[in-house]
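Note: the block below is entry.cif and it holds mmCIF, C-alpha atoms and all ligand atoms.
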```cif
data_input
loop_
_atom_site.group_PDB
_atom_site.id
_atom_site.type_symbol
_atom_site.label_atom_id
_atom_site.label_comp_id
_atom_site.auth_asym_id
_atom_site.auth_seq_id
_atom_site.Cartn_x
_atom_site.Cartn_y
_atom_site.Cartn_z
ATOM 1 C CA MET A 1 5.401 17.858 35.802
ATOM 2 C CA THR A 2 7.398 14.638 36.038
ATOM 3 C CA LYS A 3 8.212 13.056 32.708
ATOM 4 C CA THR A 4 7.352 9.452 31.964
ATOM 5 C CA ALA A 5 9.953 7.201 30.327
ATOM 6 C CA PRO A 6 8.627 6.358 26.847
ATOM 7 C CA VAL A 7 8.046 2.807 25.619
ATOM 8 C CA LEU A 8 7.317 1.556 22.098
ATOM 9 C CA LEU A 9 6.305 -1.982 21.165
ATOM 10 C CA VAL A 10 5.446 -3.170 17.639
ATOM 11 C CA HIS A 11 4.406 -6.413 15.957
ATOM 12 C CA GLY A 12 4.524 -7.587 12.368
ATOM 13 C CA GLY A 13 2.129 -10.502 12.429
ATOM 14 C CA ALA A 14 1.789 -13.869 14.162
ATOM 15 C CA TRP A 15 1.923 -17.168 12.283
ATOM 16 C CA ALA A 16 4.376 -19.907 11.348
ATOM 17 C CA ILE A 17 6.843 -17.394 9.872
ATOM 18 C CA PRO A 18 9.277 -19.545 7.872
ATOM 19 C CA ASP A 19 13.013 -19.340 8.611
ATOM 20 C CA ASP A 20 13.782 -17.564 5.349
ATOM 21 C CA MET A 21 11.299 -14.787 6.180
ATOM 22 C CA VAL A 22 12.437 -14.167 9.737
ATOM 23 C CA GLU A 23 15.045 -11.549 8.891
ATOM 24 C CA VAL A 24 12.759 -9.352 6.774
ATOM 25 C CA HIS A 25 10.139 -9.420 9.492
ATOM 26 C CA LEU A 26 12.620 -8.462 12.183
ATOM 27 C CA ASN A 27 14.127 -5.738 9.998
ATOM 28 C CA GLY A 28 10.701 -4.289 9.354
ATOM 29 C CA ALA A 29 9.868 -4.301 13.054
ATOM 30 C CA ARG A 30 13.207 -2.656 13.938
ATOM 31 C CA ASN A 31 12.725 0.024 11.269
ATOM 32 C CA ALA A 32 9.277 0.730 12.666
ATOM 33 C CA ILE A 33 10.780 1.101 16.130
ATOM 34 C CA ALA A 34 13.407 3.526 14.790
ATOM 35 C CA ALA A 35 10.727 5.785 13.267
ATOM 36 C CA GLY A 36 8.373 5.675 16.243
ATOM 37 C CA TRP A 37 11.173 6.101 18.744
ATOM 38 C CA SER A 38 12.596 9.179 17.065
ATOM 39 C CA THR A 39 9.119 10.720 17.417
ATOM 40 C CA LEU A 40 8.988 9.853 21.115
ATOM 41 C CA GLU A 41 12.547 11.066 21.711
ATOM 42 C CA ARG A 42 11.693 14.451 20.262
ATOM 43 C CA GLY A 43 8.888 14.670 22.815
ATOM 44 C CA GLY A 44 6.250 13.620 20.270
ATOM 45 C CA SER A 45 2.991 12.013 21.362
ATOM 46 C CA ALA A 46 2.290 8.307 21.620
ATOM 47 C CA LEU A 47 -0.321 8.865 18.915
ATOM 48 C CA ASP A 48 2.266 10.285 16.509
ATOM 49 C CA ALA A 49 4.706 7.501 17.393
ATOM 50 C CA VAL A 50 2.314 4.649 16.612
ATOM 51 C CA GLU A 51 1.298 6.345 13.371
ATOM 52 C CA GLU A 52 4.920 6.732 12.240
ATOM 53 C CA ALA A 53 5.827 3.187 13.265
ATOM 54 C CA VAL A 54 2.878 1.716 11.377
ATOM 55 C CA VAL A 55 3.566 3.814 8.254
ATOM 56 C CA ILE A 56 7.033 2.230 8.049
ATOM 57 C CA MET A 57 5.549 -1.269 8.142
ATOM 58 C CA GLU A 58 2.801 -0.345 5.653
ATOM 59 C CA ASP A 59 5.558 0.790 3.294
ATOM 60 C CA ASP A 60 7.501 -2.435 3.846
ATOM 61 C CA GLU A 61 6.392 -5.039 1.313
ATOM 62 C CA ALA A 62 7.180 -7.868 3.730
ATOM 63 C CA PHE A 63 3.952 -7.186 5.602
ATOM 64 C CA ASP A 64 0.267 -7.585 4.894
ATOM 65 C CA ALA A 65 -0.402 -3.849 5.155
ATOM 66 C CA GLY A 66 -0.242 -1.121 2.530
ATOM 67 C CA ARG A 67 1.470 -2.049 -0.744
ATOM 68 C CA GLY A 68 2.188 -5.772 -1.001
ATOM 69 C CA SER A 69 -0.896 -6.818 0.977
ATOM 70 C CA PHE A 70 -2.784 -10.015 0.264
ATOM 71 C CA LEU A 71 -5.354 -9.861 -2.501
ATOM 72 C CA ASN A 72 -9.032 -10.477 -2.050
ATOM 73 C CA ARG A 73 -10.730 -13.117 -4.152
ATOM 74 C CA GLU A 74 -11.240 -10.620 -6.990
ATOM 75 C CA GLY A 75 -7.540 -9.793 -7.051
ATOM 76 C CA LYS A 76 -7.820 -6.403 -5.351
ATOM 77 C CA VAL A 77 -6.072 -4.955 -2.311
ATOM 78 C CA GLN A 78 -8.563 -3.814 0.343
ATOM 79 C CA LEU A 79 -7.028 -2.217 3.411
ATOM 80 C CA ASP A 80 -8.233 -1.597 6.974
ATOM 81 C CA ALA A 81 -6.615 0.464 9.762
ATOM 82 C CA LEU A 82 -7.436 1.922 13.168
ATOM 83 C CA ILE A 83 -5.602 4.338 15.452
ATOM 84 C CA MET A 84 -6.678 5.245 18.995
ATOM 85 C CA ASP A 85 -5.604 7.801 21.567
ATOM 86 C CA GLY A 86 -5.648 6.555 25.172
ATOM 87 C CA ALA A 87 -5.772 10.068 26.626
ATOM 88 C CA THR A 88 -9.015 11.169 24.933
ATOM 89 C CA LEU A 89 -10.439 7.854 23.659
ATOM 90 C CA ARG A 90 -10.645 9.444 20.240
ATOM 91 C CA ALA A 91 -10.290 6.846 17.511
ATOM 92 C CA GLY A 92 -10.124 6.857 13.725
ATOM 93 C CA GLY A 93 -10.705 3.911 11.449
ATOM 94 C CA VAL A 94 -10.927 3.181 7.753
ATOM 95 C CA GLY A 95 -12.117 -0.055 6.204
ATOM 96 C CA CYS A 96 -12.072 -1.598 2.730
ATOM 97 C CA VAL A 97 -10.062 1.230 1.185
ATOM 98 C CA GLU A 98 -8.539 0.457 -2.186
ATOM 99 C CA ARG A 99 -6.713 3.645 -3.137
ATOM 100 C CA ILE A 100 -4.743 4.687 -0.061
ATOM 101 C CA VAL A 101 -1.053 3.805 0.305
ATOM 102 C CA ASN A 102 -0.985 4.461 4.056
ATOM 103 C CA PRO A 103 -4.400 3.736 5.572
ATOM 104 C CA VAL A 104 -3.125 4.597 9.057
ATOM 105 C CA ARG A 105 -2.605 8.192 7.855
ATOM 106 C CA ALA A 106 -6.233 8.287 6.729
ATOM 107 C CA ALA A 107 -7.306 6.782 10.053
ATOM 108 C CA ARG A 108 -5.354 9.500 11.850
ATOM 109 C CA LYS A 109 -7.192 12.156 9.843
ATOM 110 C CA VAL A 110 -10.481 10.586 10.914
ATOM 111 C CA LEU A 111 -9.341 10.733 14.532
ATOM 112 C CA SER A 112 -8.015 14.295 14.380
ATOM 113 C CA GLU A 113 -10.299 16.017 11.921
ATOM 114 C CA SER A 114 -13.676 14.343 12.051
ATOM 115 C CA PRO A 115 -16.399 14.010 14.678
ATOM 116 C CA HIS A 116 -16.840 10.430 13.444
ATOM 117 C CA VAL A 117 -14.877 7.312 14.290
ATOM 118 C CA TYR A 118 -15.041 5.188 11.159
ATOM 119 C CA PHE A 119 -15.295 5.545 7.377
ATOM 120 C CA VAL A 120 -15.465 2.762 4.798
ATOM 121 C CA ALA A 121 -14.742 2.228 1.114
ATOM 122 C CA GLU A 122 -15.276 5.188 -1.275
ATOM 123 C CA GLY A 123 -16.529 7.393 1.549
ATOM 124 C CA ALA A 124 -13.257 6.809 3.405
ATOM 125 C CA GLU A 125 -11.246 7.535 0.278
ATOM 126 C CA ARG A 126 -13.201 10.722 -0.367
ATOM 127 C CA PHE A 127 -12.708 11.812 3.241
ATOM 128 C CA ALA A 128 -8.971 11.106 3.018
ATOM 129 C CA HIS A 129 -8.650 13.001 -0.246
ATOM 130 C CA GLU A 130 -10.551 15.985 1.143
ATOM 131 C CA HIS A 131 -8.047 16.007 4.012
ATOM 132 C CA GLY A 132 -4.950 16.131 1.849
ATOM 133 C CA ILE A 133 -4.188 12.450 1.287
ATOM 134 C CA GLU A 134 -3.326 11.604 -2.282
ATOM 135 C CA LEU A 135 -5.209 8.669 -3.764
ATOM 136 C CA CYS A 136 -3.419 5.980 -5.768
ATOM 137 C CA ARG A 137 -4.676 3.308 -8.151
ATOM 138 C CA ASN A 138 -5.419 -0.114 -6.679
ATOM 139 C CA GLU A 139 -2.856 -1.573 -9.107
ATOM 140 C CA ASP A 140 -0.176 0.532 -7.410
ATOM 141 C CA LEU A 141 -0.710 -1.526 -4.233
ATOM 142 C CA ILE A 142 -0.471 -4.922 -5.946
ATOM 143 C CA LEU A 143 2.748 -6.938 -6.183
ATOM 144 C CA PRO A 144 3.281 -9.738 -8.757
ATOM 145 C CA ARG A 145 4.180 -11.929 -5.752
ATOM 146 C CA GLU A 146 0.630 -11.527 -4.470
ATOM 147 C CA ILE A 147 -0.982 -12.202 -7.856
ATOM 148 C CA GLU A 148 0.935 -15.460 -7.901
ATOM 149 C CA ARG A 149 0.043 -16.286 -4.293
ATOM 150 C CA LEU A 150 -3.668 -15.784 -5.023
ATOM 151 C CA ARG A 151 -3.480 -17.755 -8.253
ATOM 152 C CA LYS A 152 -1.882 -20.700 -6.467
ATOM 153 C CA LEU A 153 -4.417 -20.663 -3.700
ATOM 154 C CA GLN A 154 -7.395 -20.381 -6.023
ATOM 155 C CA SER A 155 -6.155 -23.229 -8.170
ATOM 156 C CA SER A 156 -5.449 -25.483 -5.188
ATOM 157 C CA SER A 157 -8.044 -27.519 -3.383
ATOM 158 C CA ALA A 158 -7.374 -25.852 -0.029
ATOM 159 C CA GLN A 159 -10.251 -26.393 2.324
ATOM 160 C CA ARG A 160 -11.654 -23.603 4.448
ATOM 161 C CA ASP A 161 -9.958 -25.029 7.548
ATOM 162 C CA ASP A 162 -6.585 -24.922 5.855
ATOM 163 C CA LEU A 163 -7.171 -21.328 4.902
ATOM 164 C CA PHE A 164 -7.331 -20.347 8.539
ATOM 165 C CA ALA A 165 -4.506 -22.563 9.770
ATOM 166 C CA PRO A 166 -1.631 -20.850 11.609
ATOM 167 C CA THR A 167 0.585 -21.781 8.672
ATOM 168 C CA ILE A 168 -1.318 -19.243 6.549
ATOM 169 C CA SER A 169 0.395 -15.917 6.917
ATOM 170 C CA HIS A 170 -0.918 -13.221 9.212
ATOM 171 C CA ASP A 171 1.327 -10.257 8.546
ATOM 172 C CA THR A 172 -0.842 -7.494 9.929
ATOM 173 C CA VAL A 173 1.169 -4.759 11.656
ATOM 174 C CA GLY A 174 0.580 -2.859 14.878
ATOM 175 C CA ALA A 175 2.159 -0.595 17.467
ATOM 176 C CA VAL A 176 1.520 0.560 21.034
ATOM 177 C CA ALA A 177 3.352 3.462 22.666
ATOM 178 C CA LEU A 178 3.701 5.400 25.906
ATOM 179 C CA ASP A 179 4.943 8.986 25.625
ATOM 180 C CA SER A 180 6.738 11.300 28.022
ATOM 181 C CA SER A 181 3.442 12.906 29.065
ATOM 182 C CA GLY A 182 2.193 9.532 30.291
ATOM 183 C CA ASN A 183 -0.271 8.940 27.453
ATOM 184 C CA ILE A 184 -0.665 5.695 25.531
ATOM 185 C CA ALA A 185 -1.904 5.011 21.987
ATOM 186 C CA ALA A 186 -2.331 2.066 19.620
ATOM 187 C CA ALA A 187 -2.570 1.516 15.862
ATOM 188 C CA THR A 188 -3.172 -1.541 13.663
ATOM 189 C CA SER A 189 -3.119 -1.822 9.868
ATOM 190 C CA THR A 190 -3.820 -4.755 7.563
ATOM 191 C CA GLY A 191 -4.623 -6.031 4.121
ATOM 192 C CA GLY A 192 -6.773 -8.669 5.817
ATOM 193 C CA THR A 193 -6.846 -12.326 4.913
ATOM 194 C CA LEU A 194 -5.799 -13.845 1.604
ATOM 195 C CA ASN A 195 -8.662 -14.531 -0.829
ATOM 196 C CA LYS A 196 -11.161 -12.721 1.409
ATOM 197 C CA ALA A 197 -14.559 -11.857 0.005
ATOM 198 C CA PRO A 198 -14.778 -8.274 -1.270
ATOM 199 C CA GLY A 199 -16.100 -6.066 1.513
ATOM 200 C CA ARG A 200 -15.003 -8.437 4.259
ATOM 201 C CA LEU A 201 -13.727 -6.517 7.258
ATOM 202 C CA GLY A 202 -11.558 -8.251 9.844
ATOM 203 C CA ASP A 203 -10.737 -7.457 13.433
ATOM 204 C CA SER A 204 -7.753 -5.188 12.830
ATOM 205 C CA SER A 205 -9.557 -1.912 12.304
ATOM 206 C CA LEU A 206 -12.508 -2.586 14.589
ATOM 207 C CA ILE A 207 -12.348 -0.682 17.837
ATOM 208 C CA GLY A 208 -11.801 -3.066 20.755
ATOM 209 C CA CYS A 209 -11.094 -6.046 18.486
ATOM 210 C CA GLY A 210 -7.771 -5.495 16.699
ATOM 211 C CA CYS A 211 -6.890 -2.243 18.409
ATOM 212 C CA TYR A 212 -7.742 -0.302 21.561
ATOM 213 C CA ALA A 213 -6.210 2.348 23.814
ATOM 214 C CA ASP A 214 -7.276 3.896 27.097
ATOM 215 C CA ASN A 215 -4.868 5.513 29.570
ATOM 216 C CA GLN A 216 -6.931 3.922 32.337
ATOM 217 C CA SER A 217 -6.383 0.395 31.036
ATOM 218 C CA ALA A 218 -3.972 -0.364 28.184
ATOM 219 C CA ALA A 219 -3.024 0.138 24.550
ATOM 220 C CA VAL A 220 -3.499 -3.063 22.560
ATOM 221 C CA SER A 221 -2.904 -4.343 19.021
ATOM 222 C CA THR A 222 -3.746 -7.856 17.865
ATOM 223 C CA THR A 223 -3.059 -9.952 14.796
ATOM 224 C CA GLY A 224 -4.201 -13.339 13.584
ATOM 225 C CA TRP A 225 -7.354 -14.925 12.296
ATOM 226 C CA GLY A 226 -9.748 -11.997 12.510
ATOM 227 C CA GLU A 227 -13.161 -13.585 12.900
ATOM 228 C CA PRO A 228 -12.468 -15.335 16.250
ATOM 229 C CA ILE A 229 -10.728 -12.181 17.555
ATOM 230 C CA MET A 230 -13.806 -10.128 16.658
ATOM 231 C CA LYS A 231 -16.147 -12.537 18.413
ATOM 232 C CA LEU A 232 -14.254 -12.007 21.673
ATOM 233 C CA VAL A 233 -13.687 -8.239 21.224
ATOM 234 C CA LEU A 234 -10.249 -9.320 22.296
ATOM 235 C CA ALA A 235 -8.318 -6.046 22.548
ATOM 236 C CA LYS A 236 -10.939 -4.577 24.892
ATOM 237 C CA TRP A 237 -11.164 -7.861 26.804
ATOM 238 C CA ALA A 238 -7.432 -7.644 27.483
ATOM 239 C CA ALA A 239 -7.428 -3.911 28.280
ATOM 240 C CA ASP A 240 -10.254 -4.342 30.810
ATOM 241 C CA ARG A 241 -8.285 -7.012 32.639
ATOM 242 C CA VAL A 242 -5.256 -4.749 32.880
ATOM 243 C CA ALA A 243 -7.574 -2.048 34.312
ATOM 244 C CA SER A 244 -8.626 -4.541 36.987
ATOM 245 C CA GLY A 245 -5.029 -4.689 38.189
ATOM 246 C CA ASN A 246 -3.549 -7.607 36.257
ATOM 247 C CA LEU A 247 -0.083 -7.424 34.777
ATOM 248 C CA PRO A 248 -0.017 -6.907 30.992
ATOM 249 C CA GLN A 249 2.323 -9.859 30.425
ATOM 250 C CA TRP A 250 -0.022 -12.198 32.225
ATOM 251 C CA ILE A 251 -3.070 -10.823 30.409
ATOM 252 C CA ALA A 252 -1.353 -11.165 27.022
ATOM 253 C CA ALA A 253 -0.863 -14.870 27.680
ATOM 254 C CA GLU A 254 -4.402 -15.229 29.070
ATOM 255 C CA ALA A 255 -5.870 -13.526 25.998
ATOM 256 C CA MET A 256 -4.187 -16.082 23.753
ATOM 257 C CA ASN A 257 -5.473 -18.961 25.897
ATOM 258 C CA TYR A 258 -8.967 -17.486 25.830
ATOM 259 C CA LEU A 259 -8.783 -17.070 22.048
ATOM 260 C CA ARG A 260 -7.796 -20.692 21.554
ATOM 261 C CA ASP A 261 -10.028 -22.252 24.232
ATOM 262 C CA ARG A 262 -13.206 -20.289 23.568
ATOM 263 C CA VAL A 263 -13.301 -19.969 19.776
ATOM 264 C CA ASN A 264 -10.388 -22.055 18.506
ATOM 265 C CA GLY A 265 -8.667 -18.893 17.281
ATOM 266 C CA HIS A 266 -5.020 -18.128 16.781
ATOM 267 C CA GLY A 267 -2.937 -15.005 16.654
ATOM 268 C CA GLY A 268 -0.836 -12.622 18.686
ATOM 269 C CA ILE A 269 -1.207 -9.590 20.921
ATOM 270 C CA ILE A 270 0.889 -6.711 22.244
ATOM 271 C CA LEU A 271 -0.209 -4.509 25.121
ATOM 272 C CA LEU A 272 1.181 -1.670 27.181
ATOM 273 C CA ASP A 273 -0.168 0.270 30.145
ATOM 274 C CA ALA A 274 0.379 3.897 31.139
ATOM 275 C CA GLN A 275 3.002 2.808 33.684
ATOM 276 C CA GLY A 276 5.127 1.332 30.916
ATOM 277 C CA ARG A 277 4.371 -2.306 31.770
ATOM 278 C CA PHE A 278 3.986 -4.341 28.637
ATOM 279 C CA GLY A 279 3.002 -7.800 27.495
ATOM 280 C CA LEU A 280 3.235 -9.798 24.321
ATOM 281 C CA ALA A 281 2.054 -13.284 23.493
ATOM 282 C CA HIS A 282 0.999 -15.465 20.585
ATOM 283 C CA ASN A 283 -0.464 -18.923 20.233
ATOM 284 C CA THR A 284 1.020 -19.311 16.746
ATOM 285 C CA PRO A 285 4.515 -20.732 16.232
ATOM 286 C CA ARG A 286 5.998 -17.259 15.789
ATOM 287 C CA MET A 287 5.287 -13.536 16.035
ATOM 288 C CA ALA A 288 7.603 -10.753 14.842
ATOM 289 C CA TRP A 289 7.976 -8.060 17.512
ATOM 290 C CA ALA A 290 10.326 -5.323 18.677
ATOM 291 C CA LEU A 291 10.450 -3.276 21.883
ATOM 292 C CA LYS A 292 12.251 -0.044 22.720
ATOM 293 C CA THR A 293 12.625 1.697 26.070
ATOM 294 C CA SER A 294 15.169 4.319 27.087
ATOM 295 C CA GLU A 295 17.330 1.458 28.335
ATOM 296 C CA LYS A 296 17.067 -1.225 25.702
ATOM 297 C CA LEU A 297 16.058 -2.417 22.250
ATOM 298 C CA GLU A 298 14.799 -5.989 22.087
ATOM 299 C CA PHE A 299 13.273 -7.893 19.227
ATOM 300 C CA GLY A 300 12.362 -11.444 18.482
ATOM 301 C CA ILE A 301 10.315 -13.925 16.577
ATOM 302 C CA GLU A 302 9.197 -16.085 19.439
ATOM 303 C CA ARG A 303 7.529 -15.428 22.736
ATOM 304 C CA LYS A 304 9.786 -13.727 25.266
HETATM 305 N N1 LIG B 401 -6.383 -10.033 11.688
HETATM 306 C C1 LIG B 401 -6.292 -9.784 10.280
HETATM 307 C C2 LIG B 401 -7.625 -10.009 9.643
HETATM 308 O O1 LIG B 401 -8.277 -10.990 9.945
HETATM 309 C C3 LIG B 401 -5.273 -10.627 9.592
HETATM 310 C C4 LIG B 401 -3.932 -10.625 10.236
HETATM 311 O O2 LIG B 401 -3.756 -10.328 11.415
HETATM 312 O O3 LIG B 401 -2.960 -10.914 9.510
HETATM 313 O O4 LIG B 401 -7.992 -9.234 8.800
#
```
Entire entry expressed as structure tokens:
Amino acid sequence: MTKTAPVLLVHGGAWAIPDDMVEVHLNGARNAIAAGWSTLERGGSALDAVEEAVVIMEDDEAFDAGRGSFLNREGKVQLDALIMDGATLRAGGVGCVERIVNPVRAARKVLSESPHVYFVAEGAERFAHEHGIELCRNEDLILPREIERLRKLQSSSAQRDDLFAPTISHDTVGAVALDSSGNIAAATSTGGTLNKAPGRLGDSSLIGCGCYADNQSAAVSTTGWGEPIMKLVLAKWAADRVASGNLPQWIAAEAMNYLRDRVNGHGGIILLDAQGRFGLAHNTPRMAWALKTSEKLEFGIERK
């Protein structure tokens, strides 16, 4: 069997990332690439690679995923994650979990060890625990930086429109990978939006919205203002257009135009097909991303 050359592409959110936060975002994305790539190099699956890459960014406090995520309006961390295998279309998602350090690990357990696709809240935590994932306290996921951020926001007179402006951080993380067997996978993990209502679920962990993978189309991860992305089922929209023969780079840009023109949304997208062709785009001022192939490592903060 001929081997495919692996590819790994990650993002660490799309918004007006300020100059003094550029380096931590790029470092986080490069560290994620290092972890995912070592999996691929050892002959590991795309599914394992995206899981490992996302775990690194969940553990990195620079991002809105895992510990250090934004707080909801009651001051709690509530996390969402999805992982999907393009070879089998198996997917695993968890939503509104409050006691899991690495939600993508729990999502992977759902994918690998459950006939179901999605678990939420306490049921998701119970499922994770029953499958060997240690539960933490919600306080363990909260940083003083985030308590302060929430306090400032709640005491300001920010209007709803401001809350969803591209200047508000969107530090969700995601990864797409192609392995040496020719399979693709995707994963996305988030703490959601700052000051969100308890129980609010965004696009990130919804199949076809913030994450999707099918060997016959593409692996996709999105970030940005979740509600508009959900309305367009944007990851699936993009994957379907790659399946119709369009180049991923062109579709990435088209997806961002569609998001802005149709629902006034903003965000970023990465996508990769089973031939190793990739695309990335954002309609925000910046998006942190990194790409690794057997020939090169590239990373950046603005559109390629
Ligand atoms: N899309 C995420 C959400 O709305 C936020 C983000 O990408 O930062 O939950």
Self-check item: Resolved residues for the PyMOL selection byres (((not hetatm)) within 6 of (chain B and resi 401)) as an MDAnalysis selection string
Solution: chainID A and resid 13 170:172 192:193 202:204 223:226
Exercise. Pull out every residue that the PyMOL selection byres (((chain A and resi 147) around 10) and not hetatm) matches in the shown coordinates and put them as a ChimeraX atom specification.
Key: /A:68,70-71,75-76,142-146,148-152
Practice problem: For the file shown, report as JSON, numbers by chain the outcome of the PyMOL selection byres (((chain A and resi 50) around 10) and not hetatm) at residue level. | Solution: {"A": [8, 9, 10, 32, 33, 35, 36, 37, 39, 40, 45, 46, 47, 48, 49, 51, 52, 53, 54, 55, 83, 84, 85, 104, 174, 175, 176, 177, 178, 184, 185, 186, 187, 188]}
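Considering the residues A:Asn183, A:Gln249, A:Ser169, A:Asn138 and counting all atoms listed in the file, Gly12 in chain A has its shortest atom-to-atom contact with A:Ser169.
Taking only C-alpha atoms, the non-local environment of Ala29 in chain A within 9 Å (same-chain residues fewer than 2 positions away omitted) comprises Val10, His11, Gly12, Val24, His25, Leu26, Asn27, Asn31, Ala32, Ile33, Ala34, Ala53, Ile56, Met57, Val173, Ala288, Trp289, Ala290, Leu291 and Phe299 of chain A.
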Practice problem: Grab the CA of Ile168 in chain A to CA of Lys292 in chain A distance for me, in Å with one decimal place. | Solution: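 CA of Ile168 in chain A sits 28.5 Å away from CA of Lys292 in chain A.
Of the listed residues (A:Gly43, A:Met230, A:Arg137, A:Gly191), A:Gly43 comes nearest to Thr4 in chain A; the distances count all atoms listed in the file.
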Quiz prompt | Polymer residues at most 10 Å from (-13.3, -10.5, 20.9) by only C-alpha atoms, as a PyMOL selection string | solution = chain A and resi 203+208-210+226-238+255+258-259+263
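Ranking A:Leu153, A:Ala253, A:Cys136, A:Leu271 by their shortest atom-to-atom distance to Cys211 in chain A, with only C-alpha atoms included, puts A:Leu271 first.
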Exercise. Report the distance between CA of Val242 in chain A and CA of His266 in chain A in Å, rounded to one decimal place.
Key: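 Distance reported for this atom pair: 20.9 Å.
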Quiz item: Which value, in Å to one decimal, gives the distance between CA of Asp80 in chain A and CA of Val97 in chain A?
Solution: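 Result for CA of Asp80 in chain A versus CA of Val97 in chain A: 6.7 Å, one decimal.
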Quiz item: Using all atoms listed in the file, which residues sit within 7 Å of Ala107 in chain A once same-chain residues fewer than 6 positions away are excluded, as a list of chain:residue names?
Solution: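 In the requested form, the answer reads A:Ala81, A:Leu82, A:Ile83, A:Gly92, A:Gly93, A:Val94.
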Practice problem: Considering all atoms listed in the file, state which residue in the set A:Ile251, A:Val110, A:Ala243, A:Ile269 is at the smallest distance from Asp214 in chain A. | Solution: A:Ala243
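Using all atoms listed in the file, the shortest contact distance between Asn215 in chain A and any of A:Glu98, A:Glu298, A:Glu139, A:Asp273 is found at A:Asp273.
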Take every atom of range 116-128 of chain A listed in the file, pad by 3 Å on each side, and give me the axis-aligned box centre and edge lengths in Å, one decimal, as lines of an AutoDock Vina configuration file.
```
center_x = -12.9
center_y = 7.0
center_z = 6.5
size_x = 13.9
size_y = 15.6
size_z = 21.6
```
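Among the candidates A:Leu111, A:Ala14, A:Leu206, A:Val7, the one nearest to Cys96 in chain A when counting all atoms listed in the file is A:Leu206.
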